[in-house]
$ cat run05.txt   # compact mmCIF, C-alpha atoms
# COMPACT_ATOMS: atom_id res chain seq x y z
CA MET Q 12 79.89 152.08 150.05
CA GLU Q 13 79.84 154.93 152.54
CA PRO Q 14 78.53 154.93 156.14
CA SER Q 15 74.80 155.29 156.62
CA GLN Q 16 73.31 158.75 157.07
CA GLU Q 17 72.62 158.15 160.76
CA GLN Q 18 76.33 157.40 161.33
CA VAL Q 19 77.96 160.08 159.19
CA ALA Q 20 78.88 163.35 160.83
CA ASP Q 21 79.15 166.56 158.84
CA PRO Q 22 82.95 166.84 158.55
CA PRO Q 23 84.45 170.34 158.56
CA THR Q 24 85.87 171.66 155.31
CA TYR Q 25 89.47 172.76 155.18
CA ALA Q 26 88.38 176.38 154.84
CA ASP Q 27 86.31 176.09 158.02
CA THR Q 28 89.27 174.58 159.85
CA VAL Q 29 91.65 177.31 158.73
CA ARG Q 30 89.09 179.99 159.72
CA ARG Q 31 88.67 178.54 163.21
CA SER Q 32 92.45 178.21 163.63
CA SER Q 33 92.84 181.86 162.62
CA GLN Q 34 90.17 182.93 165.11
CA ARG Q 35 91.91 180.98 167.89
CA SER Q 36 95.24 182.61 167.03
CA GLN Q 37 93.69 186.07 167.13
CA ALA Q 38 92.17 185.30 170.50
CA GLY Q 39 95.69 184.93 171.93
CA ALA Q 40 96.71 182.81 174.87
CA PRO Q 41 94.08 180.71 176.67
CA ARG Q 42 92.23 182.35 179.54
CA ARG Q 43 93.93 181.74 182.89
CA ILE Q 44 92.02 180.82 186.03
CA GLU Q 45 93.37 181.72 189.48
CA HIS Q 46 93.23 178.95 192.07
CA THR Q 47 93.84 180.04 195.67
CA TYR Q 48 94.68 178.03 198.79
CA THR Q 49 95.04 179.59 202.25
CA LEU Q 50 96.20 178.97 205.79
CA ASN Q 51 93.88 180.51 208.36
CA SER Q 52 94.34 181.63 211.94
CA SER Q 53 92.31 180.21 214.81
CA LYS Q 54 89.80 183.00 214.11
CA GLY Q 55 89.43 181.93 210.46
CA VAL Q 56 91.42 184.86 209.06
CA PRO Q 57 93.75 183.96 206.15
CA TRP Q 58 97.41 184.75 206.90
CA ALA Q 59 99.13 182.83 204.04
CA LYS Q 60 97.97 182.28 200.46
CA LEU Q 61 99.19 180.20 197.54
CA ALA Q 62 97.79 181.30 194.15
CA VAL Q 63 98.26 179.27 190.94
CA TYR Q 64 97.21 180.25 187.41
CA SER Q 65 96.10 177.49 185.04
CA ARG Q 66 93.93 176.68 182.02
CA ALA Q 67 91.31 174.80 184.10
CA GLN Q 68 87.65 175.53 183.38
CA SER Q 69 86.91 177.01 186.81
CA PRO Q 70 88.67 177.77 190.13
CA SER Q 71 86.93 174.76 191.72
CA HIS Q 72 88.68 172.36 189.32
CA LEU Q 73 92.22 171.12 189.78
CA PRO Q 74 94.87 173.33 188.15
CA THR Q 75 95.68 171.93 184.71
CA PHE Q 76 98.96 172.18 182.81
CA TYR Q 77 100.43 170.85 179.58
CA GLU Q 78 104.06 170.13 178.81
CA GLY Q 79 105.94 173.31 177.93
CA GLU Q 80 103.69 175.57 180.01
CA PRO Q 81 105.33 177.23 183.04
CA ILE Q 82 103.53 176.91 186.36
CA THR Q 83 103.03 180.48 187.51
CA GLY Q 84 101.49 182.08 190.56
CA TYR Q 85 102.46 183.80 193.77
CA VAL Q 86 102.77 183.30 197.54
CA SER Q 87 101.57 186.03 199.84
CA LEU Q 88 101.65 186.57 203.61
CA MET Q 89 99.18 188.76 205.51
CA LEU Q 90 100.63 188.89 209.03
CA GLU Q 91 98.75 190.89 211.67
CA LYS Q 92 101.39 190.15 214.29
CA GLU Q 93 105.09 189.34 214.20
CA GLU Q 94 105.99 185.84 213.00
CA THR Q 95 109.36 184.06 212.80
CA ILE Q 96 109.78 182.80 209.24
CA LYS Q 97 113.20 181.79 207.93
CA SER Q 98 112.39 180.99 204.29
CA VAL Q 99 109.64 180.63 201.70
CA THR Q 100 110.07 177.82 199.15
CA ILE Q 101 107.90 176.63 196.27
CA SER Q 102 108.27 173.07 194.92
CA VAL Q 103 106.78 170.95 192.15
CA ILE Q 104 106.70 167.24 193.01
CA GLY Q 105 105.84 164.21 190.87
CA GLN Q 106 105.46 160.78 192.41
CA LEU Q 107 104.30 157.28 191.50
CA THR Q 108 102.51 155.28 194.20
CA SER Q 109 101.24 151.71 194.25
CA SER Q 110 100.33 151.59 197.97
CA MET Q 111 100.32 153.83 201.03
CA THR Q 112 104.01 153.09 201.70
CA ASP Q 113 105.34 152.40 198.20
CA VAL Q 114 106.21 155.83 196.77
CA PHE Q 115 108.61 156.57 193.92
CA LEU Q 116 109.59 160.25 193.67
CA PHE Q 117 110.62 161.03 190.09
CA LEU Q 118 110.35 164.84 190.08
CA ASP Q 119 111.30 167.39 192.73
CA THR Q 120 111.96 170.92 191.49
CA SER Q 121 112.23 173.75 194.03
CA ARG Q 122 112.65 177.53 194.02
CA GLU Q 123 113.56 179.55 197.07
CA LEU Q 124 111.38 182.65 196.90
CA TRP Q 125 112.87 184.26 199.99
CA SER Q 126 115.18 183.46 202.91
CA VAL Q 127 116.79 185.48 205.68
CA SER Q 128 120.04 185.47 203.66
CA MET Q 129 118.29 187.65 201.05
CA GLY Q 130 117.75 190.48 203.50
CA ASP Q 131 114.65 192.39 204.56
CA PRO Q 132 111.73 191.31 202.33
CA SER Q 133 110.13 194.74 202.82
CA ASN Q 134 113.22 196.43 201.35
CA PRO Q 135 114.92 193.98 198.97
CA VAL Q 136 118.51 194.75 198.01
CA THR Q 137 120.02 193.21 194.90
CA ASN Q 138 123.68 193.77 195.80
CA ALA Q 139 125.18 192.03 198.85
CA PRO Q 140 122.04 191.88 201.01
CA VAL Q 141 122.49 191.81 204.77
CA LYS Q 142 121.11 188.77 206.58
CA TYR Q 143 117.71 189.56 208.05
CA THR Q 144 117.43 188.81 211.78
CA GLY Q 145 114.03 190.27 212.56
CA LYS Q 146 110.51 188.88 212.43
CA LEU Q 147 107.96 189.39 209.66
CA ARG Q 148 104.83 191.48 210.00
CA GLY Q 149 102.58 193.03 207.35
CA ASN Q 150 101.90 192.04 203.74
CA TYR Q 151 104.41 190.27 201.49
CA ARG Q 152 104.11 188.81 198.00
CA TRP Q 153 106.51 186.64 195.96
CA PRO Q 154 105.67 185.65 192.37
CA PHE Q 155 107.04 182.39 190.95
CA SER Q 156 107.38 180.52 187.67
CA ILE Q 157 108.52 176.89 187.43
CA SER Q 158 108.82 174.79 184.28
CA ILE Q 159 108.32 171.01 184.27
CA PRO Q 160 111.05 169.26 182.26
CA ALA Q 161 110.12 167.05 179.31
CA HIS Q 162 112.33 164.24 180.67
CA VAL Q 163 113.36 163.11 184.13
CA THR Q 164 116.29 160.98 185.26
CA THR Q 165 115.98 158.28 187.90
CA ARG Q 166 118.56 156.16 189.64
CA SER Q 167 118.65 152.50 188.63
CA ALA Q 168 119.40 149.51 190.86
CA ASP Q 169 122.96 149.18 189.49
CA GLY Q 170 123.80 152.75 190.50
CA GLY Q 171 123.45 154.21 187.02
CA SER Q 172 120.78 156.56 185.72
CA GLU Q 173 117.85 156.19 183.34
CA ALA Q 174 116.03 158.93 181.43
CA TRP Q 175 112.24 158.81 180.99
CA ARG Q 176 109.73 161.01 179.24
CA ILE Q 177 107.67 162.62 181.96
CA PRO Q 178 104.34 160.77 182.44
CA PRO Q 179 100.80 162.19 182.64
CA SER Q 180 98.76 162.39 185.83
CA PHE Q 181 97.06 159.05 186.41
CA SER Q 182 94.49 158.26 189.10
CA GLU Q 183 91.47 156.00 188.73
CA ARG Q 184 89.13 154.52 191.29
CA MET Q 185 89.73 150.86 190.46
CA SER Q 186 93.47 151.15 189.86
CA ARG Q 187 96.10 150.52 192.52
CA ILE Q 188 98.55 152.74 190.66
CA HIS Q 189 98.60 156.55 190.84
CA ILE Q 190 100.80 159.23 189.31
CA GLN Q 191 100.33 162.50 191.15
CA TYR Q 192 101.76 165.99 190.78
CA GLN Q 193 101.76 168.60 193.56
CA ILE Q 194 102.68 172.24 194.06
CA VAL Q 195 103.96 172.72 197.62
CA CYS Q 196 104.75 175.97 199.38
CA GLN Q 197 106.80 175.53 202.55
CA LEU Q 198 107.19 178.24 205.18
CA ARG Q 199 110.19 177.30 207.31
CA ARG Q 200 110.04 178.67 210.84
CA GLY Q 201 113.36 177.58 212.24
CA LYS Q 202 114.48 175.31 215.09
CA PHE Q 203 111.90 173.83 217.45
CA ARG Q 204 109.06 175.30 215.40
CA VAL Q 205 106.63 173.41 213.16
CA ASP Q 206 106.91 174.46 209.52
CA SER Q 207 103.75 175.52 207.66
CA LYS Q 208 102.73 174.10 204.28
CA LEU Q 209 100.32 175.04 201.50
CA SER Q 210 99.82 172.59 198.67
CA THR Q 211 97.55 171.44 195.86
CA VAL Q 212 97.44 168.53 193.48
CA PHE Q 213 97.39 169.48 189.78
CA ALA Q 214 96.73 167.67 186.51
CA PHE Q 215 99.61 167.39 184.05
CA THR Q 216 99.59 166.15 180.44
CA PRO Q 217 102.72 165.68 178.30
CA VAL Q 218 102.50 166.81 174.68
CA ILE Q 219 102.95 163.99 172.16
CA ILE Q 220 102.70 165.10 168.51
CA PRO Q 221 102.21 162.44 165.78
CA GLN Q 222 104.42 162.42 162.72
CA PRO Q 223 102.90 163.90 159.52
CA PHE Q 224 100.39 161.81 157.53
CA SER Q 225 101.18 160.39 154.12
CA ASP Q 226 100.71 162.81 151.21
CA ALA Q 227 97.68 160.91 149.90
CA ARG Q 228 95.96 160.89 153.29
CA ARG Q 229 96.70 164.57 153.89
CA LEU Q 230 95.25 165.43 150.47
CA ALA Q 231 92.09 163.45 151.27
CA TYR Q 232 91.62 165.40 154.52
CA LEU Q 233 92.20 168.74 152.79
CA ASN Q 234 89.68 167.91 150.04
CA ASN Q 235 87.22 166.25 152.45
CA THR Q 236 87.20 163.00 150.45
CA ALA Q 237 87.36 159.33 151.43
CA LEU Q 238 90.76 158.10 152.59
CA PRO Q 239 92.62 156.07 149.96
CA GLY Q 240 92.96 152.42 150.97
CA PRO Q 241 96.15 150.38 151.36
CA ASP Q 242 96.18 149.53 147.64
CA MET Q 243 96.24 153.22 146.62
CA ASP Q 244 98.29 154.53 149.56
CA PRO Q 245 100.68 151.77 150.72
CA ASP Q 246 102.83 154.27 152.65
CA GLY Q 247 99.84 155.39 154.70
CA TRP Q 248 98.87 152.03 156.22
CA GLN Q 249 100.42 149.47 158.54
CA GLU Q 250 99.43 145.90 157.71
CA VAL Q 251 98.98 143.51 160.63
CA GLN Q 252 99.95 139.93 159.82
CA PRO Q 253 96.88 138.19 158.30
CA ILE Q 254 95.09 135.35 160.05
CA GLN Q 255 93.84 132.10 158.45
CA LEU Q 256 90.83 130.30 159.91
CA GLN Q 257 88.95 127.13 159.02
CA GLY Q 258 85.42 126.35 160.13
CA VAL Q 259 81.98 125.02 159.33
CA VAL Q 260 78.93 127.10 158.45
CA PHE Q 261 75.42 125.95 159.34
CA SER Q 262 76.98 122.63 160.45
CA VAL Q 263 77.20 121.63 156.76
CA ARG Q 264 79.89 123.37 154.73
CA ALA Q 265 83.58 123.69 155.52
CA VAL Q 266 84.93 127.19 154.89
CA GLU Q 267 88.31 128.90 155.06
CA LEU Q 268 88.78 132.58 155.90
CA ARG Q 269 91.64 135.01 155.51
CA ILE Q 270 91.36 138.26 157.47
CA THR Q 271 93.74 141.22 157.11
CA LEU Q 272 93.72 144.42 159.17
CA TRP Q 273 95.43 147.71 158.29
CA LEU Q 274 95.94 150.64 160.68
CA ALA Q 275 96.52 154.18 159.44
CA LYS Q 276 100.10 155.37 159.88
CA PRO Q 277 101.75 156.87 161.81
CA LEU Q 278 100.69 154.63 164.71
CA CYS Q 279 100.26 157.61 167.02
CA TYR Q 280 96.77 159.05 167.32
CA THR Q 281 95.44 162.25 168.83
CA ARG Q 282 92.92 162.18 171.67
CA GLY Q 283 89.47 163.32 170.55
CA SER Q 284 90.10 162.16 166.96
CA VAL Q 285 89.77 158.72 165.35
CA ILE Q 286 91.93 155.78 164.34
CA PRO Q 287 91.18 154.98 160.66
CA CYS Q 288 91.14 151.23 159.95
CA ASN Q 289 90.79 148.98 156.91
CA LEU Q 290 89.71 145.35 157.05
CA ALA Q 291 89.69 142.75 154.24
CA ILE Q 292 87.86 139.41 154.58
CA GLU Q 293 88.39 136.72 151.94
CA CYS Q 294 86.34 133.53 151.60
CA LEU Q 295 85.37 131.27 148.69
CA ASP Q 296 81.94 130.70 150.26
CA THR Q 297 79.82 133.75 149.34
CA GLN Q 298 77.19 133.16 152.03
CA ALA Q 299 79.79 132.80 154.80
CA LEU Q 300 81.62 135.88 153.50
CA HIS Q 301 78.49 138.05 153.67
CA LEU Q 302 77.65 136.76 157.14
CA LEU Q 303 81.11 137.48 158.58
CA SER Q 304 81.66 140.81 156.87
CA ALA Q 305 78.42 142.54 157.87
CA PRO Q 306 79.50 145.93 159.35
CA LYS Q 307 77.48 145.37 162.54
CA ALA Q 308 79.12 141.98 163.07
CA ILE Q 309 82.60 143.48 163.35
CA ASP Q 310 83.97 145.31 166.33
CA ILE Q 311 87.43 146.65 167.00
CA ARG Q 312 88.09 148.11 170.41
CA LEU Q 313 91.02 149.98 171.80
CA ARG Q 314 92.58 147.90 174.57
CA ARG Q 315 94.42 149.75 177.30
CA HIS Q 316 97.25 148.03 179.19
CA VAL Q 317 98.44 149.38 182.55
CA PHE Q 318 101.46 147.68 184.10
CA MET Q 319 103.03 148.13 187.50
CA GLY Q 320 105.99 146.36 189.06
CA LEU Q 321 105.25 143.55 191.45
CA ALA Q 322 108.14 144.67 193.61
CA ASN Q 323 108.25 148.21 194.99
CA ALA Q 324 107.82 151.15 192.64
CA SER Q 325 111.18 152.76 193.43
CA ASN Q 326 113.12 149.77 192.05
CA THR Q 327 113.29 150.88 188.42
CA ASN Q 328 115.64 148.27 187.00
CA THR Q 329 113.85 144.89 187.19
CA ARG Q 330 113.90 143.57 183.60
CA MET Q 331 111.54 140.63 183.32
CA SER Q 332 108.61 141.09 180.91
CA LYS Q 333 108.53 141.67 177.16
CA HIS Q 334 107.93 145.36 177.84
CA GLY Q 335 111.10 145.64 179.90
CA VAL Q 336 110.00 145.33 183.52
CA GLU Q 337 108.42 142.85 185.91
CA PHE Q 338 104.78 143.95 185.85
CA GLY Q 339 101.34 143.17 187.10
CA GLU Q 340 98.81 144.03 184.38
CA GLU Q 341 95.43 145.71 184.19
CA VAL Q 342 93.64 145.41 180.84
CA GLU Q 343 90.54 147.31 179.78
CA ASP Q 344 88.65 147.64 176.49
CA ILE Q 345 87.62 151.26 176.27
CA ARG Q 346 86.03 152.03 172.90
CA ALA Q 347 84.00 150.40 170.13
CA SER Q 348 84.30 151.07 166.39
CA VAL Q 349 82.08 152.00 163.44
CA TRP Q 350 82.35 150.20 160.08
CA TRP Q 351 80.99 150.51 156.57
CA LEU Q 352 81.46 148.47 153.41
CA SER Q 353 83.90 150.16 151.04
CA ARG Q 354 84.41 147.46 148.39
CA ASP Q 355 82.18 144.47 147.65
CA GLY Q 356 83.60 141.55 145.69
CA THR Q 357 82.49 137.98 145.06
CA MET Q 358 85.13 136.38 147.29
CA ARG Q 359 86.61 139.42 149.05
CA ARG Q 360 84.97 142.26 150.92
CA THR Q 361 86.78 145.34 152.21
CA LEU Q 362 85.47 147.49 155.05
CA SER Q 363 86.58 150.89 156.28
CA GLY Q 364 86.20 151.90 159.89
CA GLU Q 365 86.97 154.40 162.62
CA ILE Q 366 87.71 154.01 166.31
CA HIS Q 367 86.71 157.17 168.17
CA LEU Q 368 89.15 158.25 170.86
CA ALA Q 369 87.90 159.99 174.00
CA ARG Q 370 89.27 163.46 174.69
CA ASP Q 371 90.36 162.40 178.18
CA LEU Q 372 92.19 159.26 177.03
CA LYS Q 373 95.52 159.00 178.86
CA PRO Q 374 98.51 159.25 176.50
CA THR Q 375 101.11 156.50 176.23
CA SER Q 376 103.69 156.68 179.02
CA LYS Q 377 106.40 154.69 180.76
CA ILE Q 378 108.54 155.43 183.79
CA GLY Q 379 110.36 153.09 186.12
CA LYS Q 380 108.11 150.07 186.72
CA PHE Q 381 104.99 151.75 185.34
CA GLU Q 382 103.82 151.53 181.73
CA LEU Q 383 100.60 152.55 179.99
CA TYR Q 384 99.94 151.83 176.32
CA VAL Q 385 97.07 150.91 174.01
CA SER Q 386 96.65 148.22 171.34
CA HIS Q 387 93.98 147.00 168.91
CA PRO Q 388 92.11 143.79 169.62
CA THR Q 389 89.66 142.86 166.84
CA SER Q 390 86.47 140.97 167.68
CA HIS Q 391 83.99 139.36 165.32
CA LEU Q 392 80.95 139.42 167.56
CA LEU Q 393 79.40 136.14 166.56
CA PRO Q 394 78.32 134.14 169.62
CA GLY Q 395 81.31 132.55 171.34
CA LEU Q 396 83.96 133.86 168.94
CA THR Q 397 86.52 136.59 169.50
CA LEU Q 398 89.58 136.95 167.27
CA LEU Q 399 92.40 138.91 168.88
CA ILE Q 400 94.46 141.05 166.52
CA GLN Q 401 96.85 142.94 168.75
CA HIS Q 402 99.14 145.71 167.58
CA GLU Q 403 100.65 148.37 169.82
CA VAL Q 404 99.81 151.99 169.03
CA TYR Q 405 100.53 155.30 170.77
CA GLY Q 406 98.18 157.84 172.29
CA GLY Q 407 99.08 161.44 171.46
CA CYS Q 408 97.74 164.77 172.68
CA VAL Q 409 98.15 167.19 169.76
CA SER Q 410 97.12 166.84 166.11
CA ALA Q 411 99.76 166.20 163.46
CA GLN Q 412 101.05 169.43 162.01
CA GLY Q 413 99.59 170.84 158.82
CA CYS Q 414 96.27 168.99 158.73
CA CYS Q 415 92.92 168.55 160.45
CA ILE Q 416 91.34 165.10 160.77
CA CYS Q 417 87.81 164.96 159.36
CA LEU Q 418 85.57 162.47 161.16
CA ARG Q 419 83.32 160.43 158.87
CA THR Q 420 81.25 158.78 161.61
CA ARG Q 421 79.63 159.72 164.89
CA ARG Q 422 81.04 158.47 168.17
CA PRO Q 423 79.34 155.10 168.75
CA ALA Q 424 77.56 153.87 171.84
CA ILE Q 425 78.98 150.64 173.23
CA PRO Q 426 76.92 147.81 171.64
CA SER Q 427 74.78 145.93 174.16
CA ILE Q 428 76.43 142.70 173.06
CA LEU Q 429 79.68 143.99 174.62
CA GLN Q 430 78.12 144.79 177.98
CA GLY Q 431 78.43 142.14 180.66
CA ARG Q 432 80.26 139.74 178.34
CA VAL Q 433 82.33 137.48 180.54
CA SER Q 434 84.00 134.81 178.45
CA HIS Q 435 85.48 134.79 174.95
CA TRP Q 436 87.15 132.20 172.82
CA ILE Q 437 90.45 133.95 172.00
CA CYS Q 438 93.17 132.97 169.57
CA ASP Q 439 96.40 134.96 169.49
CA TRP Q 440 97.22 136.78 166.27
CA PRO Q 441 98.54 135.23 164.08
CA ALA Q 442 96.42 132.20 165.00
CA PRO Q 443 97.02 128.55 164.18
CA GLN Q 444 94.50 126.69 162.05
CA GLU Q 445 91.46 126.41 164.31
CA LEU Q 446 88.13 124.74 163.75
CA LEU Q 447 85.26 127.14 164.42
CA THR Q 448 81.55 126.63 164.06
CA ILE Q 449 79.36 129.48 162.82
CA PRO Q 450 75.93 128.88 164.36
CA SER Q 451 72.88 128.62 162.14
$ encode --input "run05.txt" --output "structure tokens"
Amino acid sequence: MEPSQEQVADPPTYADTVRRSSQRSQAGAPRRIEHTYTLNSSKGVPWAKLAVYSRAQSPSHLPTFYEGEPITGYVSLMLEKEETIKSVTISVIGQLTSSMTDVFLFLDTSRELWSVSMGDPSNPVTNAPVKYTGKLRGNYRWPFSISIPAHVTTRSADGGSEAWRIPPSFSERMSRIHIQYQIVCQLRRGKFRVDSKLSTVFAFTPVIIPQPFSDARRLAYLNNTALPGPDMDPDGWQEVQPIQLQGVVFSVRAVELRITLWLAKPLCYTRGSVIPCNLAIECLDTQALHLLSAPKAIDIRLRRHVFMGLANASNTNTRMSKHGVEFGEEVEDIRASVWWLSRDGTMRRTLSGEIHLARDLKPTSKIGKFELYVSHPTSHLLPGLTLLIQHEVYGGCVSAQGCCICLRTRRPAIPSILQGRVSHWICDWPAPQELLTIPS
């Protein structure tokens, strides 16, 4: 059984996808926006400018960069009178903060655009420049290009070093943890003079590309057909250990349930796409089976875990928790799912589903005492009952190569039953035999 008409989106055909990809390729590189930041004189006249080019939507937005893109721009001086300036330096800084004083610097890349040792900036000489001893006056401009590395190395508590994949920008109102990137231009004036600085925060996203899909799943996407289930495509699904439950329906009949969840492999999913799921519910009691397997009675949400060390952020070698570091945890359920019945049997029903991923979902990351990842908790939304099926997955940024994911459902609104829900009865997955009562 397929999703209802009100849920099903019109998925793109492969030909449409190829045509749009071709049009994007012909359009060339993405349009670049110039962001400018200035230092002004007491009269409000700009005398120093930092310009940065990025793929942001408008100059009023923060500059935005993805892994592999160089940060380009220029620094210019417009000096109406003589000024003593010894050097012009551009830096890219990445830091993790958990309080005003707890700062962990994991990236600091600098380029010296000009210094007095390079000679007269008005008449640059490539061979053996003579040290410049004068003051600057007039207009000067220095272009720059800095690349952010894919990995950074930090010093551990035992004096060694640890390599980490560079994390995304992370800053949320209710979180005490922030990962911030900055571009800083420093104008050094020499002894007994206050240096001048120009800077801006920018948004950075690492590029995580999922592994290719199974052949059967890729063929289904190309032909715009239903995904083959775990029985037809065993290589394309990850089975989570089944759970066995015992209970009583309508306060009369004892029933036993077996619930099995499959997640589409690879367990790395692109933002803005979906996580395909498959769920099988088995029960000898037909009435209980139909009650528990109704598509609207099942909800799977993506659960985000954010960890931060309880000690200071710069201590990157405390190994306490199951994820490798001593962490405080923030947990948030961030998306609901859509289900439809795909196979109806007398004692077993199979449902297919999709979890829609927001385009701005933060990708999986870990550095020092900070870790962000997502997992699947599964909830049967009968009053008072939540079953937790937890399996770690990875948030990616770019689609798997060679295929376009076709969405079969529309992005759901969060069901009202999820809003304001304070308490749940939770059993870890796999759960022990528990007695549950299904209300009449």
$ residues_around --input "run05.txt" --residues "region 262-279 of chain Q" --least-positions-apart "5" --cutoff "7 Å" --atoms "all atoms listed in the file" --output "ChimeraX atom specification"
/Q:221-222,224,247-257,286-294,296,404-407
$ atom_distance --input "run05.txt" --atom1 "CA of Glu365 (chain Q)" --atom2 "CA of Trp350 (chain Q)"
6.7 Å
$ closest_residue --input "run05.txt" --among "Q:Ser87, Q:Thr75, Q:Ser98, Q:Ser348" --to "Ser128 (chain Q)" --atoms "all atoms listed in the file"
Q:Ser98
$ atom_distance --input "run05.txt" --atom1 "CA of Arg66 (chain Q)" --atom2 "CA of Leu209 (chain Q)"
20.6 Å
$ atom_distance --input "run05.txt" --atom1 "CA of Thr95 (chain Q)" --atom2 "CA of Val205 (chain Q)"
11.0 Å
$ closest_residue --input "run05.txt" --among "Q:Val163, Q:Lys146, Q:Lys373, Q:Leu90" --to "Ile219 (chain Q)" --atoms "only C-alpha atoms"
Q:Lys373
$ closest_residue --input "run05.txt" --among "Q:Pro154, Q:Gly105, Q:Pro57, Q:Gly170" --to "Gly84 (chain Q)" --atoms "all atoms listed in the file"
Q:Pro154
$ residues_around --input "run05.txt" --residues "Pro178 (chain Q)" --least-positions-apart "2" --cutoff "12 Å" --atoms "all atoms listed in the file" --output "ChimeraX atom specification"
/Q:77-78,105-107,117-118,159-163,174-176,180-181,189-192,214-219,373-379,381-384
$ residues_around --input "run05.txt" --residues "region 305-307 of chain Q" --least-positions-apart "6" --cutoff "8 Å" --atoms "all atoms listed in the file" --output "list of chain:residue names"
Q:Val349, Q:Trp350, Q:Trp351, Q:Leu352, Q:Leu362
$ closest_residue --input "run05.txt" --among "Q:Cys196, Q:Thr83, Q:Asn134, Q:Asp113" --to "Lys60 (chain Q)" --atoms "only C-alpha atoms"
Q:Cys196
$ residues_near_point --input "run05.txt" --point "(96.6, 182.6, 207.0)" --cutoff "10 Å" --atoms "only C-alpha atoms" --output "VMD selection string"
chain Q and resid 48 to 60 87 to 91
$ closest_residue --input "run05.txt" --among "Q:Thr281, Q:Ser186, Q:Arg360, Q:Phe203" --to "Leu303 (chain Q)" --atoms "all atoms listed in the file"
Q:Arg360
$ closest_residue --input "run05.txt" --among "Q:Met129, Q:Ile177, Q:Val260, Q:Ala237" --to "Thr297 (chain Q)" --atoms "all atoms listed in the file"
Q:Val260
$ residues_around --input "run05.txt" --residues "Ile188 (chain Q)" --least-positions-apart "4" --cutoff "9 Å" --atoms "all atoms listed in the file" --output "JSON, numbers by chain"
{"Q": [107, 108, 109, 110, 181, 182, 183, 317, 318, 319, 381]}
$ residues_near_point --input "run05.txt" --point "(109.3, 184.0, 190.8)" --cutoff "10 Å" --atoms "only C-alpha atoms" --output "list in words"
Thr83, Gly84, Tyr85, Val86, Ile101, Arg122, Glu123, Leu124, Trp125, Trp153, Pro154, Phe155, Ser156 and Ile157 of chain Q
$ decode --input "run05.txt" --residues "region 66-79 of chain Q" --atoms "N, CA and C atoms" --output "PDB file, in the first residue's frame"
ATOM      1  N   ARG Q  66      29.279  32.611  -0.755  1.00  0.00           N
ATOM      2  CA  ARG Q  66      28.076  32.157  -1.435  1.00  0.00           C
ATOM      3  C   ARG Q  66      26.813  32.484  -0.645  1.00  0.00           C
ATOM      4  N   ALA Q  67      26.892  33.424   0.310  1.00  0.00           N
ATOM      5  CA  ALA Q  67      25.712  33.824   1.083  1.00  0.00           C
ATOM      6  C   ALA Q  67      24.660  34.437   0.159  1.00  0.00           C
ATOM      7  N   GLN Q  68      23.412  34.484   0.645  1.00  0.00           N
ATOM      8  CA  GLN Q  68      22.317  34.974  -0.189  1.00  0.00           C
ATOM      9  C   GLN Q  68      22.360  36.475  -0.394  1.00  0.00           C
ATOM     10  N   SER Q  69      22.886  37.214   0.572  1.00  0.00           N
ATOM     11  CA  SER Q  69      22.943  38.669   0.443  1.00  0.00           C
ATOM     12  C   SER Q  69      24.098  39.197   1.285  1.00  0.00           C
ATOM     13  N   PRO Q  70      24.549  40.442   1.022  1.00  0.00           N
ATOM     14  CA  PRO Q  70      25.659  41.012   1.805  1.00  0.00           C
ATOM     15  C   PRO Q  70      25.334  41.168   3.284  1.00  0.00           C
ATOM     16  N   SER Q  71      24.052  41.236   3.642  1.00  0.00           N
ATOM     17  CA  SER Q  71      23.678  41.407   5.046  1.00  0.00           C
ATOM     18  C   SER Q  71      23.789  40.103   5.836  1.00  0.00           C
ATOM     19  N   HIS Q  72      23.861  38.967   5.148  1.00  0.00           N
ATOM     20  CA  HIS Q  72      24.021  37.679   5.820  1.00  0.00           C
ATOM     21  C   HIS Q  72      25.487  37.432   6.143  1.00  0.00           C
ATOM     22  N   LEU Q  73      25.726  36.500   7.070  1.00  0.00           N
ATOM     23  CA  LEU Q  73      27.099  36.114   7.365  1.00  0.00           C
ATOM     24  C   LEU Q  73      27.729  35.468   6.134  1.00  0.00           C
ATOM     25  N   PRO Q  74      29.022  35.711   5.889  1.00  0.00           N
ATOM     26  CA  PRO Q  74      29.706  34.961   4.829  1.00  0.00           C
ATOM     27  C   PRO Q  74      29.576  33.458   5.085  1.00  0.00           C
ATOM     28  N   THR Q  75      29.406  32.694   4.008  1.00  0.00           N
ATOM     29  CA  THR Q  75      29.157  31.258   4.125  1.00  0.00           C
ATOM     30  C   THR Q  75      30.138  30.493   3.249  1.00  0.00           C
ATOM     31  N   PHE Q  76      30.768  29.468   3.839  1.00  0.00           N
ATOM     32  CA  PHE Q  76      31.754  28.687   3.105  1.00  0.00           C
ATOM     33  C   PHE Q  76      31.557  27.203   3.390  1.00  0.00           C
ATOM     34  N   TYR Q  77      31.899  26.387   2.380  1.00  0.00           N
ATOM     35  CA  TYR Q  77      31.903  24.942   2.513  1.00  0.00           C
ATOM     36  C   TYR Q  77      33.335  24.434   2.435  1.00  0.00           C
ATOM     37  N   GLU Q  78      33.541  23.262   2.989  1.00  0.00           N
ATOM     38  CA  GLU Q  78      34.865  22.644   2.948  1.00  0.00           C
ATOM     39  C   GLU Q  78      35.359  22.542   1.508  1.00  0.00           C
ATOM     40  N   GLY Q  79      36.617  22.891   1.299  1.00  0.00           N
ATOM     41  CA  GLY Q  79      37.219  22.839  -0.029  1.00  0.00           C
ATOM     42  C   GLY Q  79      37.167  24.168  -0.766  1.00  0.00           C
TER      43      GLY Q  79
END
